[in-house]
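Quick look at target_18.pdb (PDB, C-alpha atoms):
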ATOM      1  CA  MET W   1     -71.848-161.903 170.851
ATOM      2  CA  LYS W   2     -73.477-165.301 170.330
ATOM      3  CA  ILE W   3     -77.041-164.694 169.186
ATOM      4  CA  VAL W   4     -79.650-167.461 168.904
ATOM      5  CA  LEU W   5     -82.291-166.372 166.393
ATOM      6  CA  GLU W   6     -84.874-168.664 167.951
ATOM      7  CA  ASP W   7     -84.585-166.709 171.206
ATOM      8  CA  LEU W   8     -85.503-163.394 169.545
ATOM      9  CA  LYS W   9     -89.014-162.020 169.148
ATOM     10  CA  PHE W  10     -89.448-160.505 165.687
ATOM     11  CA  ASP W  11     -92.630-158.525 165.027
ATOM     12  CA  ASP W  12     -95.417-159.439 162.600
ATOM     13  CA  GLN W  13     -93.301-158.133 159.722
ATOM     14  CA  GLY W  14     -90.322-160.208 160.788
ATOM     15  CA  LEU W  15     -88.400-157.213 162.108
ATOM     16  CA  ILE W  16     -86.674-156.315 165.357
ATOM     17  CA  PRO W  17     -85.669-152.739 166.381
ATOM     18  CA  VAL W  18     -81.952-152.081 166.716
ATOM     19  CA  VAL W  19     -80.316-149.258 168.680
ATOM     20  CA  VAL W  20     -76.827-148.602 167.301
ATOM     21  CA  GLN W  21     -74.333-147.125 169.756
ATOM     22  CA  ASP W  22     -70.710-146.030 169.516
ATOM     23  CA  SER W  23     -68.701-148.594 171.480
ATOM     24  CA  SER W  24     -66.286-146.078 172.983
ATOM     25  CA  THR W  25     -68.641-143.218 173.861
ATOM     26  CA  ARG W  26     -72.011-145.033 174.093
ATOM     27  CA  GLN W  27     -73.517-142.241 171.975
ATOM     28  CA  VAL W  28     -76.691-143.426 170.245
ATOM     29  CA  LEU W  29     -75.978-143.227 166.518
ATOM     30  CA  THR W  30     -79.204-144.423 164.950
ATOM     31  CA  LEU W  31     -82.321-146.566 165.298
ATOM     32  CA  ALA W  32     -82.859-149.150 162.581
ATOM     33  CA  TYR W  33     -84.479-152.534 161.994
ATOM     34  CA  MET W  34     -83.139-155.982 161.215
ATOM     35  CA  ASN W  35     -84.787-159.117 159.993
ATOM     36  CA  ALA W  36     -83.325-162.577 160.485
ATOM     37  CA  GLU W  37     -81.330-162.395 157.244
ATOM     38  CA  SER W  38     -79.738-159.003 157.917
ATOM     39  CA  LEU W  39     -78.860-160.064 161.454
ATOM     40  CA  LYS W  40     -77.252-163.252 160.123
ATOM     41  CA  ILE W  41     -75.154-161.265 157.624
ATOM     42  CA  THR W  42     -74.215-158.775 160.347
ATOM     43  CA  LEU W  43     -72.936-161.607 162.533
ATOM     44  CA  GLU W  44     -70.990-163.119 159.638
ATOM     45  CA  THR W  45     -69.403-159.922 158.292
ATOM     46  CA  ARG W  46     -69.056-157.993 161.579
ATOM     47  CA  GLU W  47     -70.521-154.924 159.828
ATOM     48  CA  THR W  48     -74.061-153.603 160.248
ATOM     49  CA  TRP W  49     -76.726-154.759 157.811
ATOM     50  CA  PHE W  50     -80.329-153.644 158.237
ATOM     51  CA  TRP W  51     -83.717-154.068 156.626
ATOM     52  CA  SER W  52     -84.997-150.936 154.878
ATOM     53  CA  ARG W  53     -88.721-150.667 155.489
ATOM     54  CA  SER W  54     -89.116-147.975 152.813
ATOM     55  CA  ARG W  55     -87.308-149.959 150.089
ATOM     56  CA  SER W  56     -88.216-153.431 151.381
ATOM     57  CA  SER W  57     -84.657-154.600 150.895
ATOM     58  CA  LEU W  58     -81.439-155.368 152.726
ATOM     59  CA  TRP W  59     -79.246-152.374 153.478
ATOM     60  CA  HIS W  60     -75.516-152.484 154.176
ATOM     61  CA  LYS W  61     -74.661-149.383 156.218
ATOM     62  CA  GLY W  62     -71.977-147.389 154.390
ATOM     63  CA  GLU W  63     -72.308-149.303 151.109
ATOM     64  CA  SER W  64     -72.504-146.066 149.098
ATOM     65  CA  SER W  65     -71.045-143.504 151.535
ATOM     66  CA  GLY W  66     -68.180-145.588 152.896
ATOM     67  CA  ASN W  67     -69.363-144.829 156.448
ATOM     68  CA  THR W  68     -69.454-148.444 157.536
ATOM     69  CA  GLN W  69     -69.850-149.635 161.123
ATOM     70  CA  ARG W  70     -67.665-152.400 162.557
ATOM     71  CA  VAL W  71     -69.665-154.475 165.011
ATOM     72  CA  ASP W  72     -68.012-154.962 168.404
ATOM     73  CA  ASP W  73     -70.894-156.544 170.294
ATOM     74  CA  ILE W  74     -74.626-157.179 170.146
ATOM     75  CA  LEU W  75     -76.830-157.077 173.235
ATOM     76  CA  VAL W  76     -80.355-158.462 173.576
ATOM     77  CA  ASP W  77     -82.860-156.830 175.896
ATOM     78  CA  CYS W  78     -84.599-158.737 178.683
ATOM     79  CA  ASP W  79     -87.701-159.478 176.576
ATOM     80  CA  GLY W  80     -85.755-160.571 173.510
ATOM     81  CA  ASP W  81     -87.587-158.088 171.272
ATOM     82  CA  ALA W  82     -84.927-155.393 170.802
ATOM     83  CA  LEU W  83     -81.180-155.248 170.149
ATOM     84  CA  THR W  84     -78.354-152.869 170.931
ATOM     85  CA  VAL W  85     -75.446-153.054 168.498
ATOM     86  CA  LEU W  86     -72.161-151.586 169.711
ATOM     87  CA  VAL W  87     -70.031-150.419 166.815
ATOM     88  CA  THR W  88     -66.863-148.605 165.847
ATOM     89  CA  PRO W  89     -68.095-146.149 163.201
ATOM     90  CA  ASN W  90     -66.052-145.349 160.123
ATOM     91  CA  GLY W  91     -67.530-141.898 159.642
ATOM     92  CA  PRO W  92     -70.866-140.203 160.398
ATOM     93  CA  ALA W  93     -73.909-142.356 161.051
ATOM     94  CA  CYS W  94     -76.485-139.902 159.706
ATOM     95  CA  HIS W  95     -77.129-139.307 156.000
ATOM     96  CA  THR W  96     -76.967-135.563 156.732
ATOM     97  CA  GLY W  97     -73.307-135.891 157.680
ATOM     98  CA  ALA W  98     -73.953-135.574 161.413
ATOM     99  CA  GLN W  99     -72.217-137.988 163.775
ATOM    100  CA  SER W 100     -75.565-139.206 165.106
ATOM    101  CA  CYS W 101     -79.065-139.254 163.646
ATOM    102  CA  PHE W 102     -80.269-137.852 166.978
ATOM    103  CA  HIS W 103     -79.088-134.249 166.603
ATOM    104  CA  ASN W 104     -82.333-132.259 166.367
ATOM    105  CA  ASP W 105     -83.450-130.486 169.530
ATOM    106  CA  VAL W 106     -87.215-130.510 170.156
ATOM    107  CA  GLY W 107     -86.906-126.971 171.480
ATOM    108  CA  TYR W 108     -87.538-127.575 175.157
ATOM    109  CA  ASP W 109     -84.551-126.604 177.266
ATOM    110  CA  THR W 110     -85.022-127.567 180.893
ATOM    111  CA  SER W 111     -81.932-125.626 181.936
ATOM    112  CA  ILE W 112     -83.429-122.395 180.578
ATOM    113  CA  GLU W 113     -86.789-123.254 182.135
ATOM    114  CA  LYS W 114     -85.117-123.570 185.527
ATOM    115  CA  GLY W 115     -82.887-120.525 185.049
ATOM    116  CA  VAL W 116     -79.730-122.667 184.918
ATOM    117  CA  GLU W 117     -77.012-122.019 182.374
ATOM    118  CA  PRO W 118     -76.371-124.994 180.042
ATOM    119  CA  LEU W 119     -73.162-126.943 180.576
ATOM    120  CA  LEU W 120     -70.148-125.906 178.514
ATOM    121  CA  GLY W 121     -69.984-129.379 176.982
ATOM    122  CA  ASP W 122     -73.549-129.035 175.676
ATOM    123  CA  VAL W 123     -72.796-125.584 174.276
ATOM    124  CA  LEU W 124     -69.677-126.854 172.501
ATOM    125  CA  LYS W 125     -71.597-129.823 171.084
ATOM    126  CA  ASP W 126     -74.275-127.498 169.671
ATOM    127  CA  LEU W 127     -71.599-125.166 168.304
ATOM    128  CA  TYR W 128     -69.707-128.048 166.674
ATOM    129  CA  GLU W 129     -72.888-129.281 164.960
ATOM    130  CA  LEU W 130     -73.673-125.741 163.766
ATOM    131  CA  VAL W 131     -70.169-125.378 162.331
ATOM    132  CA  GLU W 132     -70.560-128.775 160.630
ATOM    133  CA  SER W 133     -73.786-127.591 158.996
ATOM    134  CA  ARG W 134     -72.086-124.391 157.832
ATOM    135  CA  LYS W 135     -69.363-126.444 156.163
ATOM    136  CA  ARG W 136     -71.933-128.610 154.379
ATOM    137  CA  GLU W 137     -74.381-125.914 153.357
ATOM    138  CA  ARG W 138     -72.092-122.872 152.941
ATOM    139  CA  PRO W 139     -74.777-120.194 153.513
ATOM    140  CA  GLU W 140     -73.976-116.736 152.167
ATOM    141  CA  ASN W 141     -72.931-113.917 154.515
ATOM    142  CA  SER W 142     -71.689-116.435 157.084
ATOM    143  CA  TYR W 143     -68.284-115.860 158.666
ATOM    144  CA  THR W 144     -67.922-119.607 159.137
ATOM    145  CA  THR W 145     -68.552-120.149 155.420
ATOM    146  CA  TYR W 146     -65.860-117.556 154.704
ATOM    147  CA  LEU W 147     -63.344-119.421 156.874
ATOM    148  CA  PHE W 148     -64.020-122.757 155.183
ATOM    149  CA  GLU W 149     -63.767-121.210 151.735
ATOM    150  CA  GLN W 150     -60.432-119.585 152.645
ATOM    151  CA  GLY W 151     -59.084-122.954 153.715
ATOM    152  CA  LEU W 152     -56.906-124.494 156.403
ATOM    153  CA  ASP W 153     -54.154-121.857 156.427
ATOM    154  CA  LYS W 154     -56.666-119.074 157.147
ATOM    155  CA  ILE W 155     -58.295-121.123 159.916
ATOM    156  CA  LEU W 156     -54.907-121.860 161.495
ATOM    157  CA  LYS W 157     -53.991-118.177 161.325
ATOM    158  CA  LYS W 158     -57.192-117.236 163.157
ATOM    159  CA  VAL W 159     -56.605-119.882 165.842
ATOM    160  CA  GLY W 160     -53.124-118.442 166.361
ATOM    161  CA  GLU W 161     -54.428-114.871 166.547
ATOM    162  CA  GLU W 162     -57.172-115.780 169.007
ATOM    163  CA  SER W 163     -54.675-117.723 171.147
ATOM    164  CA  ALA W 164     -52.439-114.650 171.362
ATOM    165  CA  GLU W 165     -55.388-112.376 172.171
ATOM    166  CA  THR W 166     -56.504-114.756 174.924
ATOM    167  CA  ILE W 167     -53.024-114.628 176.452
ATOM    168  CA  ILE W 168     -53.006-110.818 176.311
ATOM    169  CA  ALA W 169     -56.438-110.629 177.952
ATOM    170  CA  ALA W 170     -55.222-112.916 180.748
ATOM    171  CA  LYS W 171     -52.075-110.834 181.277
ATOM    172  CA  ASN W 172     -54.143-107.643 181.550
ATOM    173  CA  GLU W 173     -56.264-109.226 184.300
ATOM    174  CA  ASP W 174     -59.517-108.235 182.600
ATOM    175  CA  PRO W 175     -62.050-111.019 183.324
ATOM    176  CA  ASP W 176     -64.613-109.797 180.783
ATOM    177  CA  ALA W 177     -62.018-109.576 178.033
ATOM    178  CA  LEU W 178     -60.693-113.024 178.934
ATOM    179  CA  VAL W 179     -64.202-114.487 178.702
ATOM    180  CA  LYS W 180     -64.750-112.964 175.254
ATOM    181  CA  GLU W 181     -61.359-113.960 173.897
ATOM    182  CA  SER W 182     -61.771-117.479 175.275
ATOM    183  CA  ALA W 183     -65.099-117.741 173.468
ATOM    184  CA  ASP W 184     -63.469-116.548 170.224
ATOM    185  CA  LEU W 185     -60.692-119.104 170.639
ATOM    186  CA  LEU W 186     -63.095-121.973 171.297
ATOM    187  CA  TYR W 187     -65.198-121.032 168.270
ATOM    188  CA  HIS W 188     -62.206-120.992 165.930
ATOM    189  CA  LEU W 189     -60.985-124.250 167.468
ATOM    190  CA  MET W 190     -64.372-125.821 166.599
ATOM    191  CA  VAL W 191     -63.922-124.656 163.005
ATOM    192  CA  LEU W 192     -60.436-126.213 162.924
ATOM    193  CA  LEU W 193     -61.674-129.529 164.343
ATOM    194  CA  VAL W 194     -64.473-129.725 161.779
ATOM    195  CA  GLU W 195     -62.096-128.814 158.956
ATOM    196  CA  ARG W 196     -59.701-131.582 159.979
ATOM    197  CA  GLY W 197     -62.454-134.125 160.665
ATOM    198  CA  VAL W 198     -61.728-134.454 164.390
ATOM    199  CA  THR W 199     -64.815-135.044 166.548
ATOM    200  CA  LEU W 200     -65.547-133.802 170.050
ATOM    201  CA  ASP W 201     -65.938-137.425 171.104
ATOM    202  CA  GLU W 202     -62.300-138.041 170.145
ATOM    203  CA  VAL W 203     -61.150-135.015 172.126
ATOM    204  CA  SER W 204     -63.257-135.916 175.158
ATOM    205  CA  GLY W 205     -61.972-139.490 174.958
ATOM    206  CA  GLU W 206     -58.388-138.240 175.093
ATOM    207  CA  LEU W 207     -59.154-135.992 178.071
ATOM    208  CA  ARG W 208     -60.927-138.838 179.828
ATOM    209  CA  ALA W 209     -57.933-141.103 179.274
ATOM    210  CA  ARG W 210     -55.608-138.519 180.757
ATOM    211  CA  SER W 211     -57.792-138.118 183.831
ATOM    212  CA  THR W 212     -58.111-141.841 184.475
ATOM    213  CA  ASN W 213     -54.619-143.069 183.593
ATOM    214  CA  PRO W 214     -51.966-141.466 185.824
ATOM    215  CA  GLN W 215     -49.225-143.368 183.974
ATOM    216  CA  THR W 216     -49.439-141.206 180.852
ATOM    217  CA  GLU W 217     -47.019-138.319 180.432
ATOM    218  CA  GLU W 218     -49.880-135.867 180.037
ATOM    219  CA  ALA W 219     -52.059-137.237 182.839
ATOM    220  CA  VAL W 220     -54.211-134.692 184.621
TER     221      VAL W 220
END

What is this structure when it is put down as structure tokens?
Amino acid sequence: MKIVLEDLKFDDQGLIPVVVQDSSTRQVLTLAYMNAESLKITLETRETWFWSRSRSSLWHKGESSGNTQRVDDILVDCDGDALTVLVTPNGPACHTGAQSCFHNDVGYDTSIEKGVEPLLGDVLKDLYELVESRKRERPENSYTTYLFEQGLDKILKKVGEESAETIIAAKNEDPDALVKESADLLYHLMVLLVERGVTLDEVSGELRARSTNPQTEEAV
């Protein structure tokens, strides 16, 4: 992670764009800017410091929220005018509470355009983010809001009920019922994960580890 400031090309305002990525998943968390001073502090503290263009001041990520980012590595692009910072995040990267700042869909779905169903992983990601927003905003007349307001015990009860109903649907050999009950179970599982602060990246990381490491007891 040795960075030579003289080798970098800062713009006319003394700034360089920085793409921040999760070290374990490579998910892009945010796009920010550094000047020479914030980069120097980042290297010294091993936590991300940026330059706020709106406030014209240094900005320590997580200073007020506690959602700091531990720096694992810094990469320089081939032209020396952009950086990628690989981090281990201590909480959401976005001020909205989302894991990544890049969570808004522009509305163009190529899978729908081509008549192809979206992948289950994409559907679950969208569902997880929707459930997260329900927890933050608590809109009225929302079943998800109701679950969060009732608390963990109610959510656990629903997960248990949906698990049992999924088993019954499978025993009755009714494919349509099994599809519906599986969807209900996955939805309530998303609510439970959000309530307990477990991310889909953590779950996918565990599944990936099981599929790539045959030595584990729960290897796939």

Which protein, DNA or RNA residues are at most 10 Å from (-83.7, -155.2, 157.3) in the file's coordinates when you count all atoms listed in the file, listed as a PyMOL selection string?
chain W and resi 14-17+32-39+49-53+55-60

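Here the PyMOL selection byres ((chain W and resi 100) around 8) captures the residues Gln27, Val28, Leu29, Thr30, Pro92, Ala93, Cys94, Ala98, Gln99, Cys101, Phe102 and His103 of chain W.
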
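Atom pair CA of Tyr143 in chain W / CA of Ala164 in chain W has a distance of 20.3 Å (rounded to one decimal).
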
Written as a list in words, which residues does the PyMOL selection byres ((chain W and resi 77) around 12) give for the file shown?
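With the shown file as input, the PyMOL selection byres ((chain W and resi 77) around 12) matches Ile3, Asp7, Leu8, Lys9, Ile16, Pro17, Val18, Val19, Ile74, Leu75, Val76, Cys78, Asp79, Gly80, Asp81, Ala82, Leu83, Thr84 and Val85 of chain W.
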
CA of Val123 in chain W to CA of Glu140 in chain W, distance in Å rounded to a single decimal:
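That distance, rounded to one decimal, is 23.8 Å.
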
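The shell of residues at most 10 Å from Glu165 in chain W, with all atoms listed in the file counted and near chain neighbours (fewer than 2 positions) removed, consists of W:Val159, W:Gly160, W:Glu161, W:Glu162, W:Ser163, W:Ile167, W:Ile168, W:Ala169, W:Ala170, W:Lys171, W:Ala177, W:Leu178, W:Lys180, W:Glu181, W:Ser182, W:Asp184, W:Leu185.
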
Tell me which residues the PyMOL selection byres ((chain W and resi 190) around 12) grabs here, as a PDB file with C-alpha atoms, keeping the file's coordinate frame.
ATOM      1  CA  VAL W 123     -72.796-125.584 174.276  1.00  0.00           C
ATOM      2  CA  LEU W 124     -69.677-126.854 172.501  1.00  0.00           C
ATOM      3  CA  LYS W 125     -71.597-129.823 171.084  1.00  0.00           C
ATOM      4  CA  ASP W 126     -74.275-127.498 169.671  1.00  0.00           C
ATOM      5  CA  LEU W 127     -71.599-125.166 168.304  1.00  0.00           C
ATOM      6  CA  TYR W 128     -69.707-128.048 166.674  1.00  0.00           C
ATOM      7  CA  GLU W 129     -72.888-129.281 164.960  1.00  0.00           C
ATOM      8  CA  LEU W 130     -73.673-125.741 163.766  1.00  0.00           C
ATOM      9  CA  VAL W 131     -70.169-125.378 162.331  1.00  0.00           C
ATOM     10  CA  GLU W 132     -70.560-128.775 160.630  1.00  0.00           C
ATOM     11  CA  ARG W 134     -72.086-124.391 157.832  1.00  0.00           C
ATOM     12  CA  LYS W 135     -69.363-126.444 156.163  1.00  0.00           C
ATOM     13  CA  THR W 144     -67.922-119.607 159.137  1.00  0.00           C
ATOM     14  CA  LEU W 147     -63.344-119.421 156.874  1.00  0.00           C
ATOM     15  CA  PHE W 148     -64.020-122.757 155.183  1.00  0.00           C
ATOM     16  CA  ILE W 155     -58.295-121.123 159.916  1.00  0.00           C
ATOM     17  CA  LEU W 156     -54.907-121.860 161.495  1.00  0.00           C
ATOM     18  CA  LYS W 158     -57.192-117.236 163.157  1.00  0.00           C
ATOM     19  CA  VAL W 159     -56.605-119.882 165.842  1.00  0.00           C
ATOM     20  CA  ALA W 183     -65.099-117.741 173.468  1.00  0.00           C
ATOM     21  CA  ASP W 184     -63.469-116.548 170.224  1.00  0.00           C
ATOM     22  CA  LEU W 185     -60.692-119.104 170.639  1.00  0.00           C
ATOM     23  CA  LEU W 186     -63.095-121.973 171.297  1.00  0.00           C
ATOM     24  CA  TYR W 187     -65.198-121.032 168.270  1.00  0.00           C
ATOM     25  CA  HIS W 188     -62.206-120.992 165.930  1.00  0.00           C
ATOM     26  CA  LEU W 189     -60.985-124.250 167.468  1.00  0.00           C
ATOM     27  CA  VAL W 191     -63.922-124.656 163.005  1.00  0.00           C
ATOM     28  CA  LEU W 192     -60.436-126.213 162.924  1.00  0.00           C
ATOM     29  CA  LEU W 193     -61.674-129.529 164.343  1.00  0.00           C
ATOM     30  CA  VAL W 194     -64.473-129.725 161.779  1.00  0.00           C
ATOM     31  CA  GLU W 195     -62.096-128.814 158.956  1.00  0.00           C
ATOM     32  CA  ARG W 196     -59.701-131.582 159.979  1.00  0.00           C
ATOM     33  CA  GLY W 197     -62.454-134.125 160.665  1.00  0.00           C
ATOM     34  CA  VAL W 198     -61.728-134.454 164.390  1.00  0.00           C
ATOM     35  CA  THR W 199     -64.815-135.044 166.548  1.00  0.00           C
ATOM     36  CA  LEU W 200     -65.547-133.802 170.050  1.00  0.00           C
ATOM     37  CA  VAL W 203     -61.150-135.015 172.126  1.00  0.00           C
TER      38      VAL W 203
END

Edge lengths and centre in Å to one decimal, as AutoDock Vina command-line options, of the axis-aligned box that encloses all listed atoms of range 76-93 of chain W with 3 Å added on every side?
--center_x -76.9 --center_y -150.4 --center_z 169.2 --size_x 27.6 --size_y 26.4 --size_z 25.0

Between W:Gly151, W:Lys61, W:Val71, W:Ser24, which is the closest to Glu44 in chain W once you count only C-alpha atoms?
W:Val71

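The space between CA of Asp122 in chain W and CA of Gly66 in chain W spans 28.7 Å.
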
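Across W:Leu120, W:Ser65, W:Thr25, W:Glu137, the tightest approach to Gly205 in chain W is made by W:Thr25 when counting all atoms listed in the file.
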
Got a sec: who's within 6 Å of Ser23 in chain W, counting all atoms listed in the file, leaving out chain neighbours fewer than 4 positions off, as a list in words?
Leu86, Val87 and Thr88 of chain W

Mind completing range 14-38 of chain W with N, CA and C atoms? Output as a PDB file, in the coordinates of the input, please?
ATOM      1  N   GLY W  14     -91.611-159.525 160.749  1.00  0.00           N
ATOM      2  CA  GLY W  14     -90.322-160.208 160.788  1.00  0.00           C
ATOM      3  C   GLY W  14     -89.160-159.301 161.118  1.00  0.00           C
ATOM      4  N   LEU W  15     -89.435-158.203 161.809  1.00  0.00           N
ATOM      5  CA  LEU W  15     -88.400-157.213 162.108  1.00  0.00           C
ATOM      6  C   LEU W  15     -88.194-157.065 163.610  1.00  0.00           C
ATOM      7  N   ILE W  16     -86.997-156.602 163.964  1.00  0.00           N
ATOM      8  CA  ILE W  16     -86.674-156.315 165.357  1.00  0.00           C
ATOM      9  C   ILE W  16     -85.946-154.972 165.399  1.00  0.00           C
ATOM     10  N   PRO W  17     -86.336-154.049 166.318  1.00  0.00           N
ATOM     11  CA  PRO W  17     -85.669-152.739 166.381  1.00  0.00           C
ATOM     12  C   PRO W  17     -84.252-152.867 166.916  1.00  0.00           C
ATOM     13  N   VAL W  18     -83.369-152.027 166.365  1.00  0.00           N
ATOM     14  CA  VAL W  18     -81.952-152.081 166.716  1.00  0.00           C
ATOM     15  C   VAL W  18     -81.464-150.671 167.063  1.00  0.00           C
ATOM     16  N   VAL W  19     -80.955-150.511 168.281  1.00  0.00           N
ATOM     17  CA  VAL W  19     -80.316-149.258 168.680  1.00  0.00           C
ATOM     18  C   VAL W  19     -78.817-149.416 168.442  1.00  0.00           C
ATOM     19  N   VAL W  20     -78.253-148.547 167.612  1.00  0.00           N
ATOM     20  CA  VAL W  20     -76.827-148.602 167.301  1.00  0.00           C
ATOM     21  C   VAL W  20     -76.096-147.553 168.135  1.00  0.00           C
ATOM     22  N   GLN W  21     -75.092-148.011 168.894  1.00  0.00           N
ATOM     23  CA  GLN W  21     -74.333-147.125 169.756  1.00  0.00           C
ATOM     24  C   GLN W  21     -72.843-147.197 169.434  1.00  0.00           C
ATOM     25  N   ASP W  22     -72.164-146.067 169.625  1.00  0.00           N
ATOM     26  CA  ASP W  22     -70.710-146.030 169.516  1.00  0.00           C
ATOM     27  C   ASP W  22     -70.117-146.802 170.693  1.00  0.00           C
ATOM     28  N   SER W  23     -69.251-147.746 170.420  1.00  0.00           N
ATOM     29  CA  SER W  23     -68.701-148.594 171.480  1.00  0.00           C
ATOM     30  C   SER W  23     -67.912-147.803 172.508  1.00  0.00           C
ATOM     31  N   SER W  24     -67.170-146.795 172.068  1.00  0.00           N
ATOM     32  CA  SER W  24     -66.286-146.078 172.983  1.00  0.00           C
ATOM     33  C   SER W  24     -66.994-145.007 173.782  1.00  0.00           C
ATOM     34  N   THR W  25     -67.986-144.338 173.180  1.00  0.00           N
ATOM     35  CA  THR W  25     -68.641-143.218 173.861  1.00  0.00           C
ATOM     36  C   THR W  25     -70.042-143.547 174.346  1.00  0.00           C
ATOM     37  N   ARG W  26     -70.621-144.628 173.819  1.00  0.00           N
ATOM     38  CA  ARG W  26     -72.011-145.033 174.093  1.00  0.00           C
ATOM     39  C   ARG W  26     -73.019-144.014 173.547  1.00  0.00           C
ATOM     40  N   GLN W  27     -72.583-143.148 172.642  1.00  0.00           N
ATOM     41  CA  GLN W  27     -73.517-142.241 171.975  1.00  0.00           C
ATOM     42  C   GLN W  27     -74.438-143.048 171.067  1.00  0.00           C
ATOM     43  N   VAL W  28     -75.745-142.760 171.133  1.00  0.00           N
ATOM     44  CA  VAL W  28     -76.691-143.426 170.245  1.00  0.00           C
ATOM     45  C   VAL W  28     -76.536-142.839 168.847  1.00  0.00           C
ATOM     46  N   LEU W  29     -76.228-143.691 167.879  1.00  0.00           N
ATOM     47  CA  LEU W  29     -75.978-143.227 166.518  1.00  0.00           C
ATOM     48  C   LEU W  29     -77.226-143.274 165.645  1.00  0.00           C
ATOM     49  N   THR W  30     -78.005-144.315 165.776  1.00  0.00           N
ATOM     50  CA  THR W  30     -79.204-144.423 164.950  1.00  0.00           C
ATOM     51  C   THR W  30     -80.129-145.502 165.499  1.00  0.00           C
ATOM     52  N   LEU W  31     -81.351-145.503 165.020  1.00  0.00           N
ATOM     53  CA  LEU W  31     -82.321-146.566 165.298  1.00  0.00           C
ATOM     54  C   LEU W  31     -82.705-147.182 163.962  1.00  0.00           C
ATOM     55  N   ALA W  32     -82.551-148.475 163.835  1.00  0.00           N
ATOM     56  CA  ALA W  32     -82.859-149.150 162.581  1.00  0.00           C
ATOM     57  C   ALA W  32     -83.577-150.461 162.883  1.00  0.00           C
ATOM     58  N   TYR W  33     -83.799-151.251 161.829  1.00  0.00           N
ATOM     59  CA  TYR W  33     -84.479-152.534 161.994  1.00  0.00           C
ATOM     60  C   TYR W  33     -83.703-153.625 161.277  1.00  0.00           C
ATOM     61  N   MET W  34     -83.733-154.809 161.842  1.00  0.00           N
ATOM     62  CA  MET W  34     -83.139-155.982 161.215  1.00  0.00           C
ATOM     63  C   MET W  34     -84.198-157.061 161.082  1.00  0.00           C
ATOM     64  N   ASN W  35     -84.047-157.866 160.040  1.00  0.00           N
ATOM     65  CA  ASN W  35     -84.787-159.117 159.993  1.00  0.00           C
ATOM     66  C   ASN W  35     -83.788-160.244 160.227  1.00  0.00           C
ATOM     67  N   ALA W  36     -84.220-161.464 160.173  1.00  0.00           N
ATOM     68  CA  ALA W  36     -83.325-162.577 160.485  1.00  0.00           C
ATOM     69  C   ALA W  36     -82.144-162.631 159.524  1.00  0.00           C
ATOM     70  N   GLU W  37     -82.403-162.324 158.245  1.00  0.00           N
ATOM     71  CA  GLU W  37     -81.330-162.395 157.244  1.00  0.00           C
ATOM     72  C   GLU W  37     -80.276-161.320 157.469  1.00  0.00           C
ATOM     73  N   SER W  38     -80.715-160.080 157.716  1.00  0.00           N
ATOM     74  CA  SER W  38     -79.738-159.003 157.917  1.00  0.00           C
ATOM     75  C   SER W  38     -78.943-159.222 159.201  1.00  0.00           C
TER      76      SER W  38
END
